[in-house]
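For reference, the structure discussed in these notes is given below.
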Amino acid sequence: MSEVEGSAFAPWPLAALDVPALRAAGRQPVPLRQFVLKVHSRCNLACAYCYIYQGRDRSWRDRPARTQSATMRRTAQRVAEHVRRHGLREIRVDLHGGEPLMTGPGTVLEYAEAVRSALPAGRTAHITVQTNGTLLTAHTLDRLTAAGIRVGLSLDGGTAALNARRTDHAGRPSWPAASRAARLLADRPDGYAGLLCTIDLAADPALVYHSLAALRPPSLDLLLPHANWTAPPPGLPHRPPWAARHARAVPYGTWLATVFDLWWDGEPGPRVRLFTEIIALLLGLPSRTESVGLSPSAALVVDTDGAIEQVDSLKTAYEHAPATGLDVFRNTFDQALDHPGVAARQLGADGLGATCRGCPVVRVCGGGNYTHRYLEGSGFRHPSVYCADLEHLIRHIARRLDTALAHHDSVTLPDRGSATRTDRGFRPGPGGQPPEEGIRAER
């Protein structure tokens with residue numbers, strides 16, 4: 001599908017956003033700081049809810065199963081070119097699939113080495129690989145850790161029952177192998193990047209949180225299922241975007257608020273990124289994740305054939321929704337920054353519709369995940385399909401934070417230093433900020 005054809009499904013931004021006019025008016029792009037590099041386009045699992053293989057975009061069928069060495073080298077050159085041009089000191093590289101360990105660790109190690117070798121002297125690439133864990137062995141983990149590659153693990157919870165939806169293509173459970181991977185990683189904190197879990201409303205939030213925390217991850221990502229106004233998530237009815245803030249039922253917000261209270265009131269556990277990001281935003285810090293906040297997006301994907309694409313979650317919108325029409329053999333990443341879909345996600349509040357701009361929590365919510373704003377026939381300039389749920393969670397966290405700050409001089413934020421309340425409101429405290437994690441850049 002061409003961009004012209006795609007604009008019929010997403011008039012905003014593909015047809016309506018005038019990027020040359022933006023640039024002429026002085027609105028310059030923010031350089032990329034995260035590169036999601038596809039190692040393998042196939043997966044050994046057949047999870048029923050997978051947004052790549054069960055989404056509307058099926059372009060993975062036409063991709064090479066494995067990234068070839070020439071594509072790795074060219075991608076590494078393009079990354080280094082971007083780093084050099086923008087004077088970046090650090091970048092994040094996420095090696096993804098499919099399942100990136102489908103053919104063992106060799107391809108992952110080769111890709112990581114290609115990127116690091118191409119970078120100018122004194123520049124750093126923080127590299128992770130995101131896996132379902134079923135192919136992770138002690139020997140593989142040793143090799144990855146020795147190469148300075150951290151491992152992120154995707155699970156639905158910390159028990160066999162919670163992972164019942166994660167089966168292989170023959171319907172066999174993945175939990176025995178995945179739980180082995182979780183134990184290996186817990187014993188190797190130097191190589192453990194953290195856990196990723198997509199929310200299932202049918203699962204008890206307390207059981208999900210406690211079972212995942214028991215696996216001793218350094219961080220935990222709780223993700224809303226990728227959905228939109230045309231294809232709403234389980235538990236939310238079809239409704240128009242203009243009714244977003246008036247929903248009476250907020251099942252996802254309630255689920256997340258329950259987990260927040262367990263995390264906030266319980267023993268020290270993993271850093272839950274969504275919660276720490278919302279707290280930081282309430283205290284005036286910029287966002288570092290796709291899910292919340294108004295900071296510009298600073299990530300792109302390179303697929304196994306070298307195609308430069310937007311984030312994979314867009315695959316849930318329509319066929320070829322992530323496509324830019326560019327590739328690393330013919331195009332630079334700076335050219336990709338001028339694609340309307342990429343430029344739209346760097347506009348902050350200016351990229352939001354009137355409903356979001358007039359919302360009292362917009363600085364924290366940021367309109368939610370860009371993918372979740374989609375409505376067929378008009379595009380992405382709507383509130384998140386989770387609008388009411390996000391507002392419920394943000395207000396819940398704000399109340400808990402306000403109570404805590406009313407009784408204490410400061411509150412310590414995991415990986416965020418401390419924050420102090422003054423007579424003029426909240427302000428960030430000392431301690432600085434860690435290297436960027438997520439796919440948004442500071443403004």
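The way I read the labels, and the way they are meant: chains A, B, ... in the order of the structure tokens, residue 1 as the first residue of every chain, and ligand 1 as the first ligand shown, with later ones counted on from there.
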Can you build me a table of range 26-118 of chain A residues sitting at most 7 Å from range 287-303 of chain A, with the closest atom pair per residue and its distance in Å to one decimal, using only C-alpha atoms, sorted by chain and residue number, as a tab-separated table?
```
residue	atom	partner	partner_atom	distance
A:Val30	CA	A:Ala298	CA	6.8
A:Pro31	CA	A:Ala298	CA	6.4
A:Leu32	CA	A:Ala298	CA	4.4
A:Arg33	CA	A:Ala298	CA	5.5
A:Gln34	CA	A:Ala299	CA	4.6
A:Phe35	CA	A:Leu300	CA	5.5
A:Val36	CA	A:Val301	CA	4.6
A:Leu37	CA	A:Val302	CA	5.0
A:Lys38	CA	A:Asp303	CA	4.9
```
If DSSP is run on the backbone, what residues of range 224-374 of chain A are strand (DSSP E or B)? A reply as a list of chain:residue names would be ideal.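 Selection result, strand (DSSP E or B) within range 224-374 of chain A: A:Arg271, A:Val272, A:Ser297, A:Ala299, A:Leu300, A:Val301, A:Val302, A:Ala307, A:Ile308, A:Glu309, A:Ala323, A:Thr324, A:Gly325, A:Leu326, A:Asp327.
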Can you tell me which residues surround Val19 in chain A at a distance of at most 8 Å, considering only C-alpha atoms, apart from same-chain residues fewer than 6 positions away, and format the answer as a PyMOL selection string? chain A and resi 338-340+343
Considering only C-alpha atoms, can you say which of A:Cys359, A:Trp264, A:Ile127, A:Val259 comes closest to Ala404 in chain A? A:Trp264
Spatial neighbours of Thr355 in chain A, 12 Å, only C-alpha atoms, chain gap at least 6 places, as JSON, numbers by chain: {"A": [241, 242, 243, 244, 245, 246, 349, 361, 362, 366, 367, 373, 381, 382, 383, 384, 387]}
Mind writing the picked residues with all heavy atoms as a CSV table (one decimal), in the first residue's frame?
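Output file part-v5.csv is given in full below:
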```
chain,number,residue,atom,x,y,z
A,241,PRO,N,-15.1,8.6,19.7
A,241,PRO,CA,-14.0,9.2,20.5
A,241,PRO,C,-14.5,10.4,21.3
A,241,PRO,O,-13.9,10.7,22.4
A,241,PRO,CB,-13.0,9.7,19.4
A,241,PRO,CG,-13.3,8.7,18.3
A,241,PRO,CD,-14.7,8.4,18.3
A,242,TRP,N,-15.5,11.1,20.9
A,242,TRP,CA,-15.9,12.3,21.6
A,242,TRP,C,-16.6,11.9,22.9
A,242,TRP,O,-16.9,12.8,23.8
A,242,TRP,CB,-16.9,13.2,20.8
A,242,TRP,CG,-18.0,12.4,20.1
A,242,TRP,CD1,-19.2,12.2,20.6
A,242,TRP,CD2,-18.0,11.9,18.8
A,242,TRP,NE1,-20.0,11.5,19.7
A,242,TRP,CE2,-19.3,11.3,18.6
A,242,TRP,CE3,-17.1,11.8,17.8
A,242,TRP,CZ2,-19.6,10.7,17.4
A,242,TRP,CZ3,-17.4,11.2,16.6
A,242,TRP,CH2,-18.6,10.6,16.4
A,243,ALA,N,-16.9,10.6,23.1
A,243,ALA,CA,-17.4,10.2,24.4
A,243,ALA,C,-16.3,9.7,25.3
A,243,ALA,O,-16.6,9.1,26.4
A,243,ALA,CB,-18.5,9.1,24.1
A,244,ALA,N,-15.1,9.9,24.9
A,244,ALA,CA,-13.9,9.2,25.6
A,244,ALA,C,-13.9,9.5,27.1
A,244,ALA,O,-13.8,8.6,27.9
A,244,ALA,CB,-12.6,9.7,25.0
A,245,ARG,N,-14.0,10.7,27.5
A,245,ARG,CA,-13.9,11.1,28.9
A,245,ARG,C,-15.1,10.8,29.8
A,245,ARG,O,-15.1,10.9,31.0
A,245,ARG,CB,-13.5,12.5,29.1
A,245,ARG,CG,-12.1,12.9,28.6
A,245,ARG,CD,-11.7,14.2,29.1
A,245,ARG,NE,-11.6,14.3,30.5
A,245,ARG,CZ,-11.9,15.4,31.2
A,245,ARG,NH1,-12.2,16.5,30.6
A,245,ARG,NH2,-11.8,15.4,32.6
A,246,HIS,N,-16.2,10.4,29.1
A,246,HIS,CA,-17.5,10.3,29.8
A,246,HIS,C,-17.8,8.8,30.1
A,246,HIS,O,-18.9,8.5,30.6
A,246,HIS,CB,-18.6,10.9,29.1
A,246,HIS,CG,-18.3,12.4,28.7
A,246,HIS,ND1,-18.1,13.3,29.7
A,246,HIS,CD2,-18.1,13.0,27.5
A,246,HIS,CE1,-17.9,14.5,29.1
A,246,HIS,NE2,-17.8,14.3,27.8
A,349,ALA,N,1.7,18.5,22.4
A,349,ALA,CA,0.3,18.9,22.5
A,349,ALA,C,-0.3,19.4,21.2
A,349,ALA,O,-1.5,19.2,20.9
A,349,ALA,CB,0.1,20.0,23.5
A,361,VAL,N,-5.7,16.8,32.6
A,361,VAL,CA,-4.6,15.9,32.8
A,361,VAL,C,-3.8,15.6,31.6
A,361,VAL,O,-2.9,14.7,31.6
A,361,VAL,CB,-5.1,14.5,33.4
A,361,VAL,CG1,-5.8,14.7,34.7
A,361,VAL,CG2,-5.9,13.7,32.4
A,362,VAL,N,-3.9,16.5,30.6
A,362,VAL,CA,-3.2,16.2,29.3
A,362,VAL,C,-1.7,16.2,29.4
A,362,VAL,O,-1.0,15.4,28.8
A,362,VAL,CB,-3.7,17.2,28.2
A,362,VAL,CG1,-3.2,18.6,28.6
A,362,VAL,CG2,-3.1,16.8,26.9
A,366,GLY,N,-0.8,12.9,28.0
A,366,GLY,CA,-0.2,13.1,26.7
A,366,GLY,C,-1.1,12.5,25.6
A,366,GLY,O,-0.5,12.3,24.5
A,367,GLY,N,-2.3,12.3,25.9
A,367,GLY,CA,-3.2,11.6,24.8
A,367,GLY,C,-3.1,10.1,24.8
A,367,GLY,O,-3.7,9.5,24.0
A,373,ARG,N,-5.1,5.9,19.6
A,373,ARG,CA,-5.9,7.0,19.2
A,373,ARG,C,-6.6,6.8,17.9
A,373,ARG,O,-7.4,7.6,17.5
A,373,ARG,CB,-5.1,8.3,19.2
A,373,ARG,CG,-4.3,8.6,20.4
A,373,ARG,CD,-3.4,9.8,20.1
A,373,ARG,NE,-2.3,9.8,21.1
A,373,ARG,CZ,-1.3,10.7,21.0
A,373,ARG,NH1,-1.2,11.5,20.0
A,373,ARG,NH2,-0.3,10.7,21.9
A,381,ARG,N,-5.8,11.6,15.4
A,381,ARG,CA,-6.0,12.8,16.2
A,381,ARG,C,-7.2,12.7,17.1
A,381,ARG,O,-8.1,13.5,17.0
A,381,ARG,CB,-6.0,14.0,15.3
A,381,ARG,CG,-5.5,15.3,16.0
A,381,ARG,CD,-5.3,16.4,15.0
A,381,ARG,NE,-4.4,17.4,15.6
A,381,ARG,CZ,-4.1,18.5,15.0
A,381,ARG,NH1,-4.5,18.8,13.8
A,381,ARG,NH2,-3.3,19.4,15.6
A,382,HIS,N,-7.2,11.7,17.9
A,382,HIS,CA,-8.3,11.5,18.9
A,382,HIS,C,-7.7,11.2,20.2
A,382,HIS,O,-6.5,10.9,20.3
A,382,HIS,CB,-9.2,10.3,18.4
A,382,HIS,CG,-9.8,10.5,17.1
A,382,HIS,ND1,-10.8,11.3,16.8
A,382,HIS,CD2,-9.5,9.9,15.9
A,382,HIS,CE1,-11.1,11.3,15.5
A,382,HIS,NE2,-10.3,10.4,14.9
A,383,PRO,N,-8.5,11.2,21.3
A,383,PRO,CA,-8.0,10.7,22.6
A,383,PRO,C,-7.7,9.2,22.5
A,383,PRO,O,-8.2,8.5,21.6
A,383,PRO,CB,-9.2,11.0,23.5
A,383,PRO,CG,-10.1,11.9,22.8
A,383,PRO,CD,-9.9,11.7,21.4
A,384,SER,N,-7.0,8.7,23.4
A,384,SER,CA,-6.8,7.2,23.5
A,384,SER,C,-8.1,6.5,23.7
A,384,SER,O,-9.0,7.0,24.4
A,384,SER,CB,-5.9,6.9,24.7
A,384,SER,OG,-5.9,5.5,25.0
A,387,CYS,N,-8.9,6.5,27.3
A,387,CYS,CA,-8.9,7.9,27.8
A,387,CYS,C,-9.4,7.9,29.3
A,387,CYS,O,-8.7,8.4,30.2
A,387,CYS,CB,-9.7,8.8,27.0
A,387,CYS,SG,-10.0,10.4,27.7
```
Taking the DSSP assignment computed from this structure's backbone, write out as a ChimeraX atom specification all residues of range 105-298 of chain A that belong to helix (DSSP H, G or I). /A:106-118,138-146,175-186,189-191,205-213,241-246,251-265,273-282
Considering only C-alpha atoms, tabulate each residue of range 216-282 of chain A that lies at most 10 Å from range 307-331 of chain A along with its nearest interatomic pair and the corresponding distance in Å to one decimal; arrange the rows by chain and ascending residue number and present them as a Markdown table.
```
| residue | atom | partner | partner_atom | distance |
| --- | --- | --- | --- | --- |
| A:Pro225 | CA | A:Ser313 | CA | 9.7 |
| A:His226 | CA | A:Ser313 | CA | 6.5 |
| A:Ala227 | CA | A:Thr316 | CA | 6.7 |
| A:Asn228 | CA | A:Ala317 | CA | 7.3 |
| A:Trp229 | CA | A:Ala317 | CA | 9.5 |
| A:Thr230 | CA | A:Ala317 | CA | 8.2 |
| A:Ala231 | CA | A:Ala317 | CA | 8.2 |
```
Which residues come within 6 Å of Arg166 in chain A, counting only C-alpha atoms, excluding same-chain residues fewer than 3 positions away, as a ChimeraX atom specification? /A:47,163,174
Residues of range 149-243 of chain A that have any atom at most 6 Å from an atom of range 128-135 of chain A: could you tabulate them with the shortest-distance atom pair and the distance in Å to one decimal, using only C-alpha atoms, ordered by chain and increasing number, as a Markdown table?
```
| residue | atom | partner | partner_atom | distance |
| --- | --- | --- | --- | --- |
| A:Ile149 | CA | A:Thr128 | CA | 5.3 |
| A:Arg150 | CA | A:Thr128 | CA | 4.6 |
| A:Val151 | CA | A:Val129 | CA | 5.0 |
| A:Gly152 | CA | A:Gln130 | CA | 4.6 |
| A:Leu153 | CA | A:Thr131 | CA | 5.3 |
| A:Ser154 | CA | A:Asn132 | CA | 5.1 |
| A:Ala177 | CA | A:Thr134 | CA | 4.7 |
| A:Ala178 | CA | A:Gly133 | CA | 4.7 |
| A:Ala181 | CA | A:Gly133 | CA | 5.3 |
```
Separation of CA of Arg58 in chain A from CA of Gly98 in chain A, in Å and rounded to one decimal: 12.6 Å
Nearest to Ala15 in chain A, chosen from A:Thr103, A:Thr75, A:Ser378, A:Gln346, with only C-alpha atoms counted in the distances: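 Of A:Thr103, A:Thr75, A:Ser378, A:Gln346, the one nearest Ala15 in chain A is A:Ser378, counting only C-alpha atoms.
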At what distance in Å, to one decimal, does CA of Ala125 in chain A lie from CA of Arg74 in chain A?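 Going from CA of Arg74 in chain A over to CA of Ala125 in chain A covers 16.5 Å.
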Contact residues around range 76-82 of chain A with only C-alpha atoms at 9 Å, ignoring same-chain residues under 5 positions, as a ChimeraX atom specification: /A:31-32,35,71,87-88,111-112,114-120,328-329,331-334
Using only C-alpha atoms, find the one residue out of A:Glu90, A:Thr304, A:Pro232, A:Glu277 that sits nearest to Asp62 in chain A.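 Looking at the shortest contact to Asp62 in chain A, the residue is A:Thr304.
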CA of Glu267 in chain A and CA of Thr403 in chain A are how many Å apart?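 These two atoms are separated by 18.7 Å.
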Selection near Trp255 in chain A, 12 Å with only C-alpha atoms, sequence-local residues under 4 positions removed, as a PyMOL selection string: chain A and resi 199-209+222-224+235+249-251+259-262+389-390+392-393+396
Keeping only N, CA, C and O atoms, write those residues as a short mmCIF file (atom, residue, chain, number, x, y, z; two decimals), in the first residue's frame.
```cif
data_model
loop_
_atom_site.label_atom_id
_atom_site.label_comp_id
_atom_site.auth_asym_id
_atom_site.auth_seq_id
_atom_site.Cartn_x
_atom_site.Cartn_y
_atom_site.Cartn_z
N ILE A 199 -1.69 -6.45 29.89
CA ILE A 199 -2.78 -6.61 30.86
C ILE A 199 -3.90 -7.48 30.28
O ILE A 199 -4.33 -7.30 29.15
N ASP A 200 -4.37 -8.40 31.11
CA ASP A 200 -5.54 -9.22 30.80
C ASP A 200 -6.56 -8.97 31.90
O ASP A 200 -6.32 -9.32 33.07
N LEU A 201 -7.69 -8.35 31.55
CA LEU A 201 -8.69 -8.02 32.57
C LEU A 201 -9.21 -9.25 33.30
O LEU A 201 -9.66 -9.15 34.45
N ALA A 202 -9.13 -10.42 32.66
CA ALA A 202 -9.63 -11.64 33.29
C ALA A 202 -8.71 -12.14 34.39
O ALA A 202 -9.09 -13.00 35.18
N ALA A 203 -7.50 -11.61 34.44
CA ALA A 203 -6.52 -12.05 35.43
C ALA A 203 -6.59 -11.17 36.67
O ALA A 203 -6.74 -9.95 36.58
N ASP A 204 -6.46 -11.77 37.82
CA ASP A 204 -6.47 -11.05 39.09
C ASP A 204 -5.23 -10.16 39.17
O ASP A 204 -4.10 -10.65 39.11
N PRO A 205 -5.42 -8.84 39.29
CA PRO A 205 -4.25 -7.94 39.28
C PRO A 205 -3.27 -8.22 40.41
O PRO A 205 -2.05 -8.10 40.22
N ALA A 206 -3.77 -8.60 41.58
CA ALA A 206 -2.86 -8.89 42.70
C ALA A 206 -2.01 -10.11 42.40
O ALA A 206 -0.80 -10.13 42.66
N LEU A 207 -2.62 -11.13 41.83
CA LEU A 207 -1.88 -12.34 41.50
C LEU A 207 -0.84 -12.06 40.42
O LEU A 207 0.30 -12.52 40.49
N VAL A 208 -1.23 -11.29 39.41
CA VAL A 208 -0.29 -10.95 38.34
C VAL A 208 0.91 -10.20 38.91
O VAL A 208 2.07 -10.56 38.67
N TYR A 209 0.64 -9.17 39.70
CA TYR A 209 1.75 -8.36 40.22
C TYR A 209 2.65 -9.17 41.15
O TYR A 209 3.88 -9.17 40.99
N LEU A 222 3.90 -2.82 32.51
CA LEU A 222 2.52 -3.27 32.38
C LEU A 222 1.91 -2.52 31.20
O LEU A 222 1.78 -1.29 31.25
N LEU A 223 1.55 -3.24 30.16
CA LEU A 223 1.12 -2.62 28.91
C LEU A 223 -0.37 -2.81 28.68
O LEU A 223 -0.91 -3.91 28.86
N LEU A 224 -1.04 -1.74 28.28
CA LEU A 224 -2.43 -1.86 27.83
C LEU A 224 -2.45 -2.60 26.50
O LEU A 224 -1.58 -2.37 25.65
N GLY A 235 -13.44 -5.78 26.98
CA GLY A 235 -13.96 -5.11 28.17
C GLY A 235 -14.41 -3.69 27.94
O GLY A 235 -15.04 -3.08 28.81
N ALA A 249 -17.55 3.07 33.00
CA ALA A 249 -16.72 1.92 33.38
C ALA A 249 -15.27 2.18 32.99
O ALA A 249 -14.98 2.61 31.87
N VAL A 250 -14.37 1.94 33.92
CA VAL A 250 -12.93 2.13 33.66
C VAL A 250 -12.19 0.87 34.13
O VAL A 250 -11.38 0.91 35.06
N PRO A 251 -12.44 -0.27 33.49
CA PRO A 251 -11.88 -1.53 33.99
C PRO A 251 -10.35 -1.55 33.98
O PRO A 251 -9.74 -2.13 34.89
N VAL A 259 -3.08 -2.48 41.20
CA VAL A 259 -1.67 -2.85 41.21
C VAL A 259 -0.83 -1.70 41.79
O VAL A 259 0.12 -1.94 42.55
N PHE A 260 -1.18 -0.46 41.46
CA PHE A 260 -0.42 0.66 42.00
C PHE A 260 -0.43 0.64 43.51
O PHE A 260 0.61 0.85 44.16
N ASP A 261 -1.57 0.41 44.12
CA ASP A 261 -1.66 0.41 45.58
C ASP A 261 -0.81 -0.71 46.18
O ASP A 261 -0.15 -0.53 47.21
N LEU A 262 -0.82 -1.86 45.54
CA LEU A 262 0.02 -2.97 46.02
C LEU A 262 1.49 -2.61 45.93
O LEU A 262 2.28 -2.90 46.85
N ASP A 389 -9.87 5.45 31.37
CA ASP A 389 -9.06 4.59 32.23
C ASP A 389 -7.77 5.30 32.65
O ASP A 389 -7.36 5.21 33.81
N LEU A 390 -7.14 5.98 31.71
CA LEU A 390 -5.91 6.69 32.03
C LEU A 390 -6.17 7.83 33.01
O LEU A 390 -5.40 8.04 33.96
N HIS A 392 -8.54 7.99 35.20
CA HIS A 392 -8.80 7.36 36.50
C HIS A 392 -7.49 7.01 37.20
O HIS A 392 -7.31 7.30 38.39
N LEU A 393 -6.57 6.39 36.48
CA LEU A 393 -5.29 5.99 37.07
C LEU A 393 -4.48 7.21 37.48
O LEU A 393 -3.91 7.24 38.58
N HIS A 396 -5.88 8.81 40.55
CA HIS A 396 -5.64 7.94 41.70
C HIS A 396 -4.21 8.09 42.21
O HIS A 396 -3.97 8.25 43.42
#
```
